[in-house]
Amino acid sequence: MSKVDLSQALHLLLQGKLVAVPTETVYGLAAIYDSTQALKEVFQRKERPLFDPLILHVSSLDQALLLADWDPLSLALAKHFWPGPLTLVLPKTDLVDPLITAGGPTVALRCPDHPLTQELIRNLNKPLAAPSANRFGHTSPTTADHVLQEFADQVPVLDGGPCTGGIESTVIEVNKTYREVRILRPGALNEKVLKAFLDERGDSHSVVVQTADHSPGHLKNHYQPTVLFQLVIYQGDSEPNEEVLKTHSIEGKKWTLPRDPLMAARQLYGDLRKFSKSGRSFYLCFPEASLQDPIWRAVGDRIRKASHQWFLSRADGKITMVEKT
Ligand code: AMP
Ligand code: MG
């Protein structure tokens, strides 16, 4: 099984088969939303636990209206940011299979910004349930070839080129009681942009980062490469010296990320896969200040989860290994 075109993908999905599809964030492993059998297969293929809910992908807001009970702010957010890397968590309607929501009362919805997948969902006239097209805990795929490698050519892929965003969508939930927009997973839509939108509307909801702990994006290990990845978080302005790092057994290839956070996101998973393939361990020096910066939050989150060991390099040059949390 390998690459398929749009009409083959359509046909397979209608038959209850799985197809990997491109989005602007990462490739998704898609199943038609109303086939319990196909949904079950998504979990089996990914070796994903059933308690981890799936995101439903729609081609229009109209389609999404039937799947959830919408509040005015969520509606305004969808109108503004869709198609795009924003996933909204809302109370589900009866149309949504409990397998999709892991038995819970809420459903995650998103309209992906990729012409091929848009057309596919439009032609199907039904939403697609699609988690990232990788085995549970592994690095997410950002090209069709990554998907083929991930599932040993056993999953057909609709090739839409390399993903422009490179990391998963931002998952949010509007909490009316506390007047909060809660970021459940930092992602490709930057929280600065989200805040600017609320400010412009004169909206009083505050944006809070609140990662729940029931989903894999929120486990401390995720997206991990198959070779040792050491992360050095450094304080101050300058990176620690390579010789000093060696004395702490921090060695292997040095990973350099682009300075632009959008470029860094785009390159991130492809780089992790290259390191896995090379069989050689690697390390990254990342400034502590960036971990707190909203612009870098999503990339920082993925780097932390993908790494195996953490080190803190203080401004005075002292390096200590710290526990991964
Ligand atoms: P993936 O598509 O593999 O990136 O994973 C989908 C992620 O979306 C899950 O791991 C959760 O973090 C999030 N998600 C999906 N449905 C819900 C929901 N009902 N409530 C909260 N988070 C959700
Ligand atoms: Mg995933």
# chains A, B, ... in the order shown; residues from 1 in each chain; ligands from 1
$ residues_near_ligand --ligand "ligand 2" --cutoff "7 Å" --atoms "only C-alpha atoms and all ligand atoms" --output "PDB file with N, CA and C atoms, in the first residue's frame"
ATOM      1  N   PRO A 131      -6.242  11.489  14.346  1.00  0.00           N
ATOM      2  CA  PRO A 131      -5.100  11.835  15.196  1.00  0.00           C
ATOM      3  C   PRO A 131      -3.839  11.878  14.335  1.00  0.00           C
ATOM      4  N   SER A 132      -2.736  12.301  14.897  1.00  0.00           N
ATOM      5  CA  SER A 132      -1.501  12.341  14.116  1.00  0.00           C
ATOM      6  C   SER A 132      -1.135  10.917  13.660  1.00  0.00           C
ATOM      7  N   ASN A 134       1.095   8.659  13.528  1.00  0.00           N
ATOM      8  CA  ASN A 134       2.301   8.020  14.068  1.00  0.00           C
ATOM      9  C   ASN A 134       1.876   7.053  15.151  1.00  0.00           C
ATOM     10  N   SER A 140       5.697  12.807  15.402  1.00  0.00           N
ATOM     11  CA  SER A 140       4.615  13.013  14.436  1.00  0.00           C
ATOM     12  C   SER A 140       5.180  13.192  13.016  1.00  0.00           C
ATOM     13  N   GLY A 217      -0.344  14.203  24.592  1.00  0.00           N
ATOM     14  CA  GLY A 217       0.372  15.454  24.431  1.00  0.00           C
ATOM     15  C   GLY A 217       0.786  15.979  25.786  1.00  0.00           C
TER      16      GLY A 217
END
$ residues_around --residues "Glu251 (chain A)" --least-positions-apart "5" --cutoff "8 Å" --atoms "only C-alpha atoms" --output "number ranges by chain"
A: 245-246, 281-283
$ closest_atom_pairs --of "region 240-276 of chain A" --to "region 23-45 of chain A" --cutoff "12 Å" --atoms "only C-alpha atoms" --output "CSV"
residue,atom,partner,partner_atom,distance
A:Leu262,CA,A:Thr25,CA,11.5
A:Ala265,CA,A:Thr25,CA,9.5
A:Arg266,CA,A:Thr25,CA,8.6
A:Gln267,CA,A:Val26,CA,11.5
A:Leu268,CA,A:Val26,CA,11.2
A:Tyr269,CA,A:Val26,CA,9.3
A:Gly270,CA,A:Val26,CA,10.8
$ closest_atom_pairs --of "chain A" --to "ligand 1" --cutoff "7 Å" --atoms "only C-alpha atoms and all ligand atoms" --output "CSV"
residue,atom,partner,partner_atom_place_in_ligand_line,distance
A:Asp52,CA,ligand 1,10 (O),5.7
A:Pro53,CA,ligand 1,16 (N),4.3
A:Leu54,CA,ligand 1,15 (C),4.7
A:Ile55,CA,ligand 1,15 (C),4.9
A:Val89,CA,ligand 1,20 (N),5.6
A:Thr101,CA,ligand 1,19 (N),5.2
A:Gly104,CA,ligand 1,19 (N),6.6
A:Thr106,CA,ligand 1,19 (N),4.4
A:Val107,CA,ligand 1,19 (N),4.1
A:Ala108,CA,ligand 1,16 (N),4.3
A:Ala130,CA,ligand 1,2 (O),6.1
A:Pro131,CA,ligand 1,2 (O),3.1
A:Ser132,CA,ligand 1,3 (O),4.2
A:Glu168,CA,ligand 1,4 (O),5.7
A:Val171,CA,ligand 1,13 (C),6.3
A:Leu184,CA,ligand 1,22 (N),6.5
A:Arg185,CA,ligand 1,12 (O),6.1
A:Ser215,CA,ligand 1,10 (O),4.4
A:Pro216,CA,ligand 1,10 (O),5.1
A:Gly217,CA,ligand 1,10 (O),5.2
A:His218,CA,ligand 1,12 (O),6.9
$ residues_around --residues "Val21 (chain A)" --least-positions-apart "3" --cutoff "12 Å" --atoms "only C-alpha atoms" --output "ChimeraX atom specification"
/A:3-6,9-10,13,18,24-31,57,112-121,128-133,141-145,147-148,155-163
$ residues_around --residues "region 197-206 of chain A" --least-positions-apart "5" --cutoff "8 Å" --atoms "only C-alpha atoms" --output "list in words"
Arg179, Glu180 and Val181 of chain A
$ write_last_selection --atoms "C-alpha atoms" --output "PDB file, in the first residue's frame"
ATOM      1  CA  ARG A 179     -14.354  33.490  31.768  1.00  0.00           C
ATOM      2  CA  GLU A 180     -11.220  31.744  30.587  1.00  0.00           C
ATOM      3  CA  VAL A 181      -9.922  30.497  27.279  1.00  0.00           C
TER       4      VAL A 181
END
$ atom_distance --atom1 "CA of Thr211 (chain A)" --atom2 "CA of Glu173 (chain A)"
10.8 Å
$ closest_residue --among "A:Pro83, A:Gln210, A:Pro98, A:Leu231" --to "Leu50 (chain A)" --atoms "only C-alpha atoms"
A:Pro98
$ select_by_dssp --residues "region 186-256 of chain A" --states "strand (DSSP E or B)" --output "VMD selection string"
chain A and resid 206 to 209 224 229 to 234 253 to 255
$ residues_around --residues "region 293-305 of chain A" --least-positions-apart "2" --cutoff "7 Å" --atoms "only C-alpha atoms" --output "ChimeraX atom specification"
/A:186-188,190-192,220-223,261,265,289-291,307
$ closest_residue --among "A:Met321, A:Leu90, A:Val58, A:Ala76" --to "Asn125 (chain A)" --atoms "only C-alpha atoms"
A:Val58
$ atom_distance --atom1 "CA of Pro85 (chain A)" --atom2 "CA of Gln230 (chain A)"
29.0 Å
$ atom_distance --atom1 "CA of Lys195 (chain A)" --atom2 "CA of Pro127 (chain A)"
28.6 Å
